[in-house]
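S.K.: This is the content of data.txt (compact mmCIF, C-alpha atoms and all ligand atoms):
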```txt
# COMPACT_ATOMS: atom_id res chain seq x y z
CA MET A 1 4.04 -37.91 -39.61
CA LYS A 2 2.02 -34.74 -39.28
CA VAL A 3 3.70 -31.34 -39.45
CA ALA A 4 1.96 -28.00 -38.83
CA VAL A 5 3.22 -25.03 -40.85
CA THR A 6 2.17 -21.43 -40.18
CA ALA A 7 1.00 -19.97 -43.48
CA GLN A 8 -0.29 -16.73 -44.90
CA GLY A 9 -2.74 -18.58 -47.14
CA ALA A 10 -4.66 -21.86 -47.24
CA ASP A 11 -2.52 -23.82 -49.72
CA LEU A 12 0.96 -25.29 -50.03
CA ASP A 13 2.21 -22.45 -52.23
CA SER A 14 1.39 -19.77 -49.68
CA PRO A 15 4.31 -18.12 -47.95
CA VAL A 16 5.20 -19.29 -44.45
CA ASP A 17 3.75 -16.86 -41.89
CA PRO A 18 6.67 -15.77 -39.70
CA ARG A 19 4.37 -15.13 -36.74
CA PHE A 20 3.32 -18.17 -34.79
CA GLY A 21 0.47 -17.03 -32.52
CA ARG A 22 -0.90 -14.58 -35.04
CA ALA A 23 -0.39 -16.67 -38.16
CA LYS A 24 -3.25 -16.51 -40.68
CA TYR A 25 -3.45 -20.27 -41.13
CA PHE A 26 -2.03 -23.51 -39.88
CA LEU A 27 -1.48 -26.07 -42.61
CA LEU A 28 -1.38 -29.57 -41.27
CA VAL A 29 0.73 -31.56 -43.72
CA ASP A 30 0.95 -35.34 -43.72
CA THR A 31 4.57 -35.79 -44.78
CA ASP A 32 4.03 -39.39 -45.88
CA SER A 33 1.10 -38.83 -48.22
CA GLY A 34 1.64 -35.13 -48.99
CA GLU A 35 -2.00 -34.44 -48.13
CA PHE A 36 -2.84 -31.40 -46.09
CA THR A 37 -5.67 -29.61 -44.33
CA ALA A 38 -5.87 -25.85 -43.71
CA HIS A 39 -7.04 -24.44 -40.38
CA ASP A 40 -7.63 -20.75 -39.97
CA ASN A 41 -6.47 -18.96 -36.85
CA VAL A 42 -9.01 -16.11 -36.82
CA GLN A 43 -9.77 -16.49 -33.15
CA ASN A 44 -6.17 -15.90 -32.09
CA LEU A 45 -5.44 -13.27 -34.73
CA ASN A 46 -7.65 -10.89 -32.82
CA ALA A 47 -6.93 -12.06 -29.29
CA LEU A 48 -5.71 -9.31 -27.00
CA GLN A 49 -3.26 -11.59 -25.29
CA GLY A 50 -2.36 -15.25 -25.04
CA ALA A 51 -2.49 -15.76 -28.84
CA GLY A 52 0.71 -17.83 -28.81
CA ILE A 53 -0.53 -20.09 -26.04
CA GLN A 54 -3.88 -20.69 -27.67
CA ALA A 55 -2.35 -21.24 -31.11
CA ALA A 56 0.05 -23.75 -29.55
CA GLN A 57 -2.84 -25.55 -27.92
CA ALA A 58 -4.64 -25.68 -31.27
CA VAL A 59 -1.55 -27.14 -32.95
CA VAL A 60 -1.23 -29.80 -30.24
CA ASN A 61 -4.90 -30.67 -30.63
CA LEU A 62 -4.50 -31.04 -34.40
CA GLY A 63 -2.14 -33.89 -33.62
CA ALA A 64 0.98 -32.29 -35.12
CA GLN A 65 4.32 -33.72 -34.03
CA ALA A 66 6.34 -30.80 -35.34
CA VAL A 67 5.68 -27.18 -36.16
CA LEU A 68 7.51 -25.15 -38.82
CA THR A 69 7.28 -21.40 -38.41
CA GLY A 70 9.22 -18.13 -38.24
CA ASN A 71 9.30 -17.00 -34.64
CA VAL A 72 8.06 -18.61 -31.44
CA GLY A 73 7.73 -16.74 -28.15
CA PRO A 74 8.37 -18.25 -24.73
CA LYS A 75 4.78 -19.02 -23.71
CA ALA A 76 3.93 -20.70 -27.01
CA PHE A 77 7.20 -22.60 -26.73
CA THR A 78 6.36 -23.91 -23.27
CA THR A 79 2.92 -24.97 -24.44
CA LEU A 80 4.20 -26.75 -27.56
CA GLN A 81 6.83 -28.52 -25.50
CA ALA A 82 4.24 -29.69 -23.01
CA GLY A 83 2.29 -31.07 -25.96
CA GLN A 84 5.45 -32.82 -27.20
CA VAL A 85 5.56 -30.93 -30.46
CA ALA A 86 9.05 -30.32 -31.91
CA ILE A 87 9.60 -26.69 -32.86
CA TYR A 88 11.43 -25.56 -35.99
CA PRO A 89 11.65 -21.79 -36.21
CA HIS A 90 13.31 -19.85 -39.07
CA ALA A 91 11.28 -21.64 -41.74
CA SER A 92 10.92 -19.51 -44.88
CA GLY A 93 9.69 -19.56 -48.46
CA THR A 94 6.43 -21.31 -49.29
CA VAL A 95 4.88 -24.00 -47.13
CA ARG A 96 5.97 -26.61 -49.68
CA GLN A 97 9.58 -25.34 -49.56
CA ALA A 98 9.56 -25.27 -45.76
CA VAL A 99 8.43 -28.88 -45.62
CA GLU A 100 11.20 -29.81 -48.08
CA GLN A 101 13.79 -27.94 -45.99
CA TRP A 102 12.60 -29.81 -42.95
CA ARG A 103 12.55 -33.18 -44.73
CA SER A 104 16.13 -32.72 -45.93
CA GLY A 105 17.26 -31.86 -42.40
CA ASN A 106 17.98 -28.21 -43.13
CA LEU A 107 15.85 -26.82 -40.29
CA GLN A 108 17.21 -26.89 -36.78
CA PRO A 109 14.85 -27.66 -33.90
CA ALA A 110 14.82 -24.91 -31.27
CA ALA A 111 15.77 -25.65 -27.69
CA LYS A 112 14.15 -22.43 -26.50
CA ALA A 113 11.99 -19.56 -27.69
CA ASN A 114 13.69 -17.43 -30.34
CA VAL A 115 11.82 -14.21 -29.64
CA GLU A 116 10.49 -12.45 -26.59
CA GLY A 117 6.75 -12.42 -25.88
CA HIS A 118 4.34 -10.42 -28.02
CA TRP A 119 5.66 -12.08 -31.12
CA SER A 120 4.06 -15.26 -29.95
CA MET B 1 -12.29 14.80 -2.18
CA LYS B 2 -10.23 12.70 -4.57
CA ILE B 3 -8.24 14.30 -7.36
CA ALA B 4 -6.47 12.16 -9.95
CA ILE B 5 -3.52 13.58 -11.87
CA ALA B 6 -2.97 11.90 -15.23
CA SER B 7 -1.41 12.52 -18.60
CA GLY B 8 -1.61 10.72 -21.92
CA LYS B 9 2.13 10.10 -21.86
CA GLY B 10 5.05 10.18 -19.47
CA GLY B 11 7.41 13.09 -18.97
CA THR B 12 4.83 15.88 -18.97
CA GLY B 13 5.52 16.88 -15.38
CA LYS B 14 2.62 14.93 -13.92
CA THR B 15 4.53 13.82 -10.84
CA THR B 16 5.94 17.31 -10.30
CA ILE B 17 2.42 18.70 -10.22
CA ALA B 18 0.95 15.85 -8.17
CA THR B 19 3.62 15.97 -5.47
CA SER B 20 3.47 19.76 -5.37
CA LEU B 21 -0.32 19.80 -4.98
CA ALA B 22 -0.18 17.20 -2.22
CA HIS B 23 2.63 18.91 -0.37
CA LEU B 24 1.03 22.36 -0.55
CA ALA B 25 -2.36 21.12 0.58
CA ALA B 26 -0.84 19.20 3.51
CA THR B 27 1.13 22.19 4.76
CA ASP B 28 -2.11 24.18 4.65
CA GLY B 29 -3.44 22.17 7.56
CA ARG B 30 -5.83 19.80 5.83
CA THR B 31 -5.40 16.04 6.12
CA VAL B 32 -4.02 14.96 2.78
CA ALA B 33 -2.83 11.69 1.25
CA TYR B 34 -0.66 11.20 -1.80
CA LEU B 35 -1.15 7.86 -3.60
CA ASP B 36 1.39 6.81 -6.19
CA CYS B 37 -0.63 4.63 -8.57
CA ASP B 38 2.14 4.50 -11.14
CA VAL B 39 3.07 1.09 -9.77
CA GLU B 40 5.35 0.18 -12.65
CA GLU B 41 7.55 3.16 -12.04
CA PRO B 42 6.60 4.99 -8.88
CA ASN B 43 8.74 8.10 -8.49
CA GLY B 44 6.77 10.41 -6.20
CA HIS B 45 8.92 9.16 -3.32
CA LEU B 46 11.98 10.76 -4.93
CA PHE B 47 10.49 14.17 -4.19
CA LEU B 48 8.35 13.58 -1.10
CA LYS B 49 11.07 11.48 0.59
CA PRO B 50 8.56 9.72 2.83
CA GLN B 51 9.38 7.89 5.98
CA ILE B 52 8.01 4.40 5.35
CA LEU B 53 6.24 3.05 8.42
CA ARG B 54 4.74 -0.13 7.04
CA GLU B 55 5.27 -2.49 4.10
CA GLU B 56 2.86 -5.17 2.97
CA PRO B 57 2.95 -7.62 0.10
CA ILE B 58 0.42 -7.08 -2.69
CA ASN B 59 -1.06 -10.39 -3.77
CA LYS B 60 -3.20 -11.48 -6.62
CA LEU B 61 -5.17 -14.70 -6.63
CA ILE B 62 -4.08 -17.18 -9.23
CA PRO B 63 -5.51 -20.58 -10.04
CA VAL B 64 -3.59 -23.76 -9.39
CA VAL B 65 -4.56 -27.09 -10.92
CA ASP B 66 -4.59 -30.29 -8.90
CA ALA B 67 -3.05 -32.70 -11.41
CA ASP B 68 -4.61 -35.73 -9.69
CA ARG B 69 -8.14 -34.47 -10.14
CA CYS B 70 -7.75 -32.87 -13.59
CA THR B 71 -9.24 -34.94 -16.41
CA HIS B 72 -7.84 -32.62 -19.13
CA CYS B 73 -11.30 -31.80 -20.40
CA GLY B 74 -10.15 -28.37 -21.58
CA LEU B 75 -13.17 -26.46 -20.24
CA CYS B 76 -11.05 -24.08 -18.17
CA SER B 77 -8.97 -23.17 -21.20
CA GLN B 78 -12.10 -22.42 -23.24
CA ALA B 79 -13.54 -20.36 -20.42
CA CYS B 80 -10.51 -18.12 -19.91
CA ARG B 81 -11.11 -14.90 -21.83
CA PHE B 82 -7.48 -13.96 -21.34
CA GLY B 83 -5.94 -16.97 -23.04
CA ALA B 84 -4.02 -17.79 -19.89
CA ILE B 85 -4.68 -21.54 -19.82
CA ALA B 86 -3.54 -24.26 -22.21
CA CYS B 87 -4.71 -27.85 -21.97
CA VAL B 88 -2.26 -29.90 -23.95
CA GLY B 89 -2.14 -33.66 -23.79
CA GLN B 90 -1.85 -34.66 -20.16
CA GLN B 91 -0.99 -31.21 -18.87
CA THR B 92 -2.96 -28.13 -17.94
CA LEU B 93 -0.70 -25.09 -18.02
CA ILE B 94 -1.61 -21.79 -16.39
CA PHE B 95 0.34 -18.69 -17.43
CA THR B 96 -0.08 -16.63 -14.31
CA GLU B 97 1.36 -13.45 -15.88
CA LEU B 98 -1.71 -13.33 -18.12
CA CYS B 99 -4.24 -14.21 -15.42
CA HIS B 100 -6.68 -11.45 -14.43
CA SER B 101 -7.89 -13.32 -11.34
CA CYS B 102 -11.45 -13.43 -12.65
CA GLY B 103 -12.16 -16.85 -11.14
CA GLY B 104 -13.86 -18.07 -14.33
CA CYS B 105 -11.82 -21.25 -14.65
CA LEU B 106 -12.66 -22.16 -11.06
CA LEU B 107 -16.35 -21.96 -11.78
CA VAL B 108 -16.35 -24.11 -14.89
CA CYS B 109 -14.08 -26.93 -13.75
CA PRO B 110 -16.36 -29.97 -13.36
CA GLN B 111 -13.75 -31.80 -11.27
CA GLU B 112 -13.20 -28.98 -8.77
CA ALA B 113 -9.56 -29.42 -9.64
CA ILE B 114 -8.77 -25.70 -9.50
CA ARG B 115 -8.20 -23.65 -6.39
CA GLU B 116 -6.88 -20.12 -5.96
CA VAL B 117 -3.73 -19.21 -4.12
CA PRO B 118 -2.27 -15.78 -3.43
CA LYS B 119 0.80 -14.86 -5.44
CA PRO B 120 2.85 -11.82 -4.45
CA ILE B 121 3.06 -9.33 -7.31
CA GLY B 122 4.43 -6.30 -5.53
CA LEU B 123 4.84 -4.30 -2.37
CA LEU B 124 2.68 -1.70 -0.69
CA ARG B 125 4.63 1.02 1.12
CA ILE B 126 2.84 3.27 3.55
CA GLY B 127 4.31 6.22 5.38
CA THR B 128 4.37 9.96 5.89
CA SER B 129 6.14 12.92 4.36
CA GLY B 130 5.85 15.64 6.99
CA PRO B 131 2.12 16.14 7.56
CA LEU B 132 1.33 14.32 4.29
CA GLN B 133 0.21 10.69 4.26
CA PHE B 134 2.00 8.64 1.65
CA VAL B 135 1.09 5.36 -0.07
CA GLU B 136 2.80 3.77 -3.03
CA GLY B 137 2.64 0.42 -4.77
CA VAL B 138 5.69 -1.13 -6.36
CA LEU B 139 5.04 -3.85 -8.88
CA ASN B 140 7.59 -6.67 -9.05
CA VAL B 141 9.86 -6.55 -12.08
CA GLY B 142 8.40 -8.66 -14.89
CA GLU B 143 4.89 -8.60 -13.47
CA ALA B 144 2.55 -7.41 -16.21
CA MET B 145 -0.68 -6.95 -14.33
CA SER B 146 -0.78 -3.58 -12.61
CA PRO B 147 -4.53 -3.07 -11.96
CA PRO B 148 -4.60 -5.34 -8.86
CA ALA B 149 -1.62 -3.44 -7.43
CA ILE B 150 -3.32 -0.10 -8.10
CA HIS B 151 -6.42 -1.43 -6.44
CA ALA B 152 -4.35 -2.34 -3.38
CA VAL B 153 -2.88 1.19 -3.22
CA LYS B 154 -6.35 2.74 -3.35
CA ASP B 155 -7.63 0.31 -0.71
CA ALA B 156 -4.79 1.27 1.61
CA ALA B 157 -5.56 4.99 1.31
CA PRO B 158 -6.24 6.63 4.67
CA ASP B 159 -9.47 8.53 5.26
CA VAL B 160 -8.50 12.17 4.68
CA ASP B 161 -9.92 15.51 3.47
CA LEU B 162 -8.03 15.42 0.20
CA THR B 163 -6.51 12.52 -1.73
CA ILE B 164 -4.14 13.15 -4.63
CA LEU B 165 -3.68 10.18 -6.96
CA ASP B 166 -0.64 10.19 -9.19
CA CYS B 167 -1.76 8.01 -12.11
CA PRO B 168 0.35 5.91 -14.47
CA PRO B 169 0.91 7.45 -17.92
CA GLY B 170 -1.27 6.43 -20.86
CA THR B 171 -4.99 5.85 -21.27
CA SER B 172 -5.31 2.08 -20.81
CA CYS B 173 -6.52 -0.22 -18.00
CA PRO B 174 -4.07 0.94 -15.31
CA VAL B 175 -5.15 4.58 -15.70
CA ILE B 176 -8.80 3.66 -15.75
CA GLU B 177 -8.31 1.63 -12.57
CA SER B 178 -6.59 4.64 -10.97
CA VAL B 179 -9.16 7.31 -11.86
CA ARG B 180 -12.20 5.23 -11.04
CA GLY B 181 -14.13 6.81 -8.18
CA CYS B 182 -12.27 10.12 -8.28
CA ASP B 183 -14.13 13.42 -8.03
CA HIS B 184 -11.89 15.33 -10.35
CA LEU B 185 -9.34 14.48 -12.99
CA LEU B 186 -6.51 16.79 -13.93
CA LEU B 187 -4.89 16.09 -17.30
CA VAL B 188 -1.35 17.36 -17.54
CA THR B 189 -0.08 18.19 -21.01
CA GLU B 190 2.58 20.11 -22.88
CA PRO B 191 2.08 22.57 -25.74
CA THR B 192 3.60 20.31 -28.41
CA PRO B 193 2.01 18.23 -31.19
CA PHE B 194 2.74 15.03 -29.23
CA GLY B 195 1.35 16.57 -26.08
CA LEU B 196 -1.84 17.55 -27.88
CA ASN B 197 -2.23 14.14 -29.47
CA ASP B 198 -1.97 12.39 -26.10
CA LEU B 199 -4.23 14.98 -24.50
CA LYS B 200 -6.96 14.18 -27.02
CA LEU B 201 -6.78 10.49 -26.09
CA ALA B 202 -6.90 11.36 -22.40
CA VAL B 203 -9.92 13.63 -22.98
CA GLU B 204 -11.71 10.81 -24.79
CA MET B 205 -11.04 8.54 -21.85
CA ALA B 206 -12.26 11.13 -19.33
CA ARG B 207 -15.44 11.67 -21.33
CA ALA B 208 -16.06 7.94 -21.72
CA LEU B 209 -15.74 7.56 -17.95
CA LYS B 210 -17.96 10.64 -17.39
CA LEU B 211 -15.38 12.22 -15.11
CA ARG B 212 -15.17 15.90 -14.32
CA PHE B 213 -11.84 17.00 -15.71
CA GLY B 214 -9.66 19.98 -16.56
CA VAL B 215 -6.27 20.56 -18.11
CA ALA B 216 -2.97 21.83 -16.76
CA VAL B 217 -0.50 22.99 -19.37
CA ASN B 218 3.07 22.48 -18.26
CA ARG B 219 5.96 24.42 -19.85
CA ALA B 220 3.22 26.77 -21.03
CA ASN B 221 5.65 29.38 -22.32
CA THR B 222 7.19 26.96 -24.83
CA GLY B 223 5.95 25.12 -27.94
CA ASP B 224 2.88 26.20 -29.91
CA ARG B 225 -0.67 27.35 -29.10
CA GLU B 226 -2.55 24.33 -30.46
CA VAL B 227 -3.44 22.98 -27.01
CA TRP B 228 -5.23 26.25 -26.22
CA SER B 229 -7.24 26.29 -29.44
CA TYR B 230 -8.17 22.64 -28.98
CA CYS B 231 -9.37 23.26 -25.42
CA ARG B 232 -11.33 26.35 -26.53
CA ARG B 233 -13.05 24.42 -29.33
CA GLN B 234 -13.83 21.52 -27.01
CA ARG B 235 -14.88 23.82 -24.15
CA ILE B 236 -12.34 22.29 -21.81
CA ASP B 237 -11.14 24.39 -18.90
CA ILE B 238 -7.45 25.08 -18.63
CA LEU B 239 -6.98 25.18 -14.89
CA ALA B 240 -3.29 26.03 -14.78
CA GLU B 241 -0.49 27.23 -17.01
CA ILE B 242 2.84 26.39 -15.48
CA PRO B 243 5.83 28.19 -16.97
CA ASP B 244 9.02 26.44 -17.95
CA ASP B 245 11.82 27.63 -15.81
CA ARG B 246 15.38 26.46 -15.42
CA ALA B 247 14.75 26.45 -11.69
CA VAL B 248 12.03 23.80 -12.13
CA ALA B 249 14.34 21.44 -13.96
CA GLU B 250 17.06 22.04 -11.41
CA ALA B 251 14.76 21.41 -8.47
CA TYR B 252 13.52 18.26 -10.22
CA SER B 253 17.01 16.92 -10.80
CA ARG B 254 17.89 17.55 -7.17
CA GLY B 255 14.75 15.64 -6.14
CA GLU B 256 13.13 18.65 -4.52
CA ILE B 257 9.45 19.46 -4.36
CA VAL B 258 9.07 22.22 -6.90
CA VAL B 259 6.69 24.34 -4.80
CA GLU B 260 9.38 24.51 -2.11
CA SER B 261 12.10 25.74 -4.42
CA VAL B 262 10.40 27.81 -7.13
CA PRO B 263 8.06 30.51 -5.76
CA GLN B 264 6.70 31.42 -9.19
CA VAL B 265 5.49 27.85 -9.72
CA ALA B 266 4.22 27.64 -6.16
CA GLU B 267 1.78 30.46 -7.00
CA CYS B 268 0.44 28.54 -10.02
CA ILE B 269 0.04 25.35 -8.01
CA ARG B 270 -1.67 27.16 -5.16
CA SER B 271 -4.31 28.67 -7.42
CA LEU B 272 -4.69 25.33 -9.19
CA LEU B 273 -5.34 23.67 -5.85
CA GLU B 274 -7.98 26.27 -5.01
CA THR B 275 -9.69 25.88 -8.38
CA LEU B 276 -9.72 22.10 -8.07
CA GLN B 277 -11.19 22.21 -4.59
CA SER B 278 -13.76 24.90 -5.30
CA GLY B 279 -15.21 22.42 -7.79
CA ALA B 280 -16.20 25.29 -10.10
CA PRO B 281 -15.28 23.93 -13.55
CA ALA B 282 -17.40 21.16 -14.95
S1 LIG C 301 -8.81 -16.78 -13.09
FE1 LIG C 301 -9.74 -15.98 -14.97
S2 LIG C 301 -8.04 -15.04 -16.05
FE2 LIG C 301 -7.13 -16.34 -14.49
S3 LIG C 301 -6.75 -18.25 -15.56
FE3 LIG C 301 -8.77 -18.44 -14.58
S4 LIG C 301 -10.22 -17.83 -16.17
FE4 LIG C 301 -8.18 -17.11 -16.84
S1 LIG C 302 -11.64 -27.71 -16.33
FE1 LIG C 302 -10.74 -28.77 -14.58
S2 LIG C 302 -10.66 -30.89 -15.22
FE2 LIG C 302 -10.98 -29.70 -17.07
S3 LIG C 302 -8.91 -29.35 -17.85
FE3 LIG C 302 -9.42 -27.61 -16.55
S4 LIG C 302 -8.62 -28.15 -14.54
FE4 LIG C 302 -8.69 -30.02 -15.72
```
Output the structure of this file as structure tokens.
M.R.:
Amino acid sequence: MKVAVTAQGADLDSPVDPRFGRAKYFLLVDTDSGEFTAHDNVQNLNALQGAGIQAAQAVVNLGAQAVLTGNVGPKAFTTLQAGQVAIYPHASGTVRQAVEQWRSGNLQPAAKANVEGHWS
Amino acid sequence: MKIAIASGKGGTGKTTIATSLAHLAATDGRTVAYLDCDVEEPNGHLFLKPQILREEPINKLIPVVDADRCTHCGLCSQACRFGAIACVGQQTLIFTELCHSCGGCLLVCPQEAIREVPKPIGLLRIGTSGPLQFVEGVLNVGEAMSPPAIHAVKDAAPDVDLTILDCPPGTSCPVIESVRGCDHLLLVTEPTPFGLNDLKLAVEMARALKLRFGVAVNRANTGDREVWSYCRRQRIDILAEIPDDRAVAEAYSRGEIVVESVPQVAECIRSLLETLQSGAPA
């Protein structure tokens, strides 16, 4: 299955970016093969508003079934949910570690946004 | 003539000065209107105590997607400069809080699946305070988009000799929407480092908009003299220096119009009004 992780760099040893909408990169990790692709988020980094929504749309369009990140705001949450992407906030460490945490069931899926807007 | 009263930040005494100017001018026999454009936190009514004669909803147009016609092509989402639309899977989501009612999505939709509907975002309240005409806009709690509400307030303004616009604090979109089309802008500041910092931003805005403007220094007998040296260097006219007085704070806390209760301040405001109307300073 494909998992998107917000990251501060373009490889698996980069730290998880705690911001969802304004993350530097999305790493799309295939958890079966361990292969990944990096997708920058430049467009949304500089967006005046709606960064969370647009980042969520990008993640849905990448075909991710889950997203691992730090904080998700309400609008991004709604968008990810509509795209049937499971949301795991509070991921930390490197991307590789976050994927391991998730694989071993140590990340809890969120039932609602864990921060107010503007984080998103 | 339209005079906008603004300040780079809140709490400088902007509303005190705006309500005082409006009240004084109206009791002088001219037809005057006071417009409260600070739609997120209108407080002019606390002092002018208007009798509200009419209330109207303020609407903004927001797009609605017809799910049966939508093919999820994503064009509307790409077209929205404000990031307000997400096309995910079989759903097209519109976040109306972020929508600026530009109509762009409507234009690009190849399926004509989008139409616009009015959504109430606030309330327009129109009335009188003695001889003074009064208009305020009150934005609904949680509504982020104040420019359309400010626009509605300005549209509802009666045709009078003198219009005083009490602007929202800051220097961003809502202020720009408020001061647009005004003949004169009065920037209210305080003689403190923060006051000066915000004044500089407000001056930049006024210059960018090519507006005729001047400065009123409130609590002029307190703080430091930096505001004066800045204005001298920049050749900005200081149109009024209003002293700090216990009586002003007391009148304010009782919700009284300061010019009614504090004669010393009334003198300052009266000469300010004359200067503003004579149109002398550029
Ligand atoms: S009307 Fe303009 S701002 Fe509103 S959703 Fe459509 S494109 Fe975006
Ligand atoms: S442009 Fe029209 S058809 Fe395409 S996704 Fe938007 S609403 Fe649907």
S.K.: Please identify every residue of chain B that has at least one atom no more than 12 Å from any atom of chain A, counting all atoms listed in the file, and report them as a list in words.
M.R.: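 Residues satisfying the distance criterion: Gly74, Ser77, Gln78, Cys80, Arg81, Phe82, Gly83, Ala84, Ile85, Ala86, Cys87, Val88, Gly89, Gln90, Gln91, Thr92, Leu93, Ile94, Phe95, Thr96, Glu97, Leu98, Cys99, His100, Gly142 and Ala144 of chain B.
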S.K.: Which neighbours of A:Asn41 fall inside 9 Å, counting all atoms listed in the file, when residues of the same chain fewer than 5 positions from it are skipped, and could you give them as a ChimeraX atom specification?
M.R.: /A:21-26,55,58
S.K.: Work out how far apart atom CA of B:Asp237 and atom CA of B:Met205 are and give it in Å to one decimal.
M.R.: 16.1 Å
S.K.: List the neighbours of B:Ile3 out to 7 Å using all atoms listed in the file; skip same-chain residues closer than 3 positions along the sequence, and give me the result as a ChimeraX atom specification.
M.R.: /B:163-165,182-185
S.K.: For atom S4 of ligand LIG 301 (chain C) and atom CA of B:Pro147, determine how far apart the two atoms are, in Å to one decimal place.
M.R.: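 So the answer is 16.4 Å.
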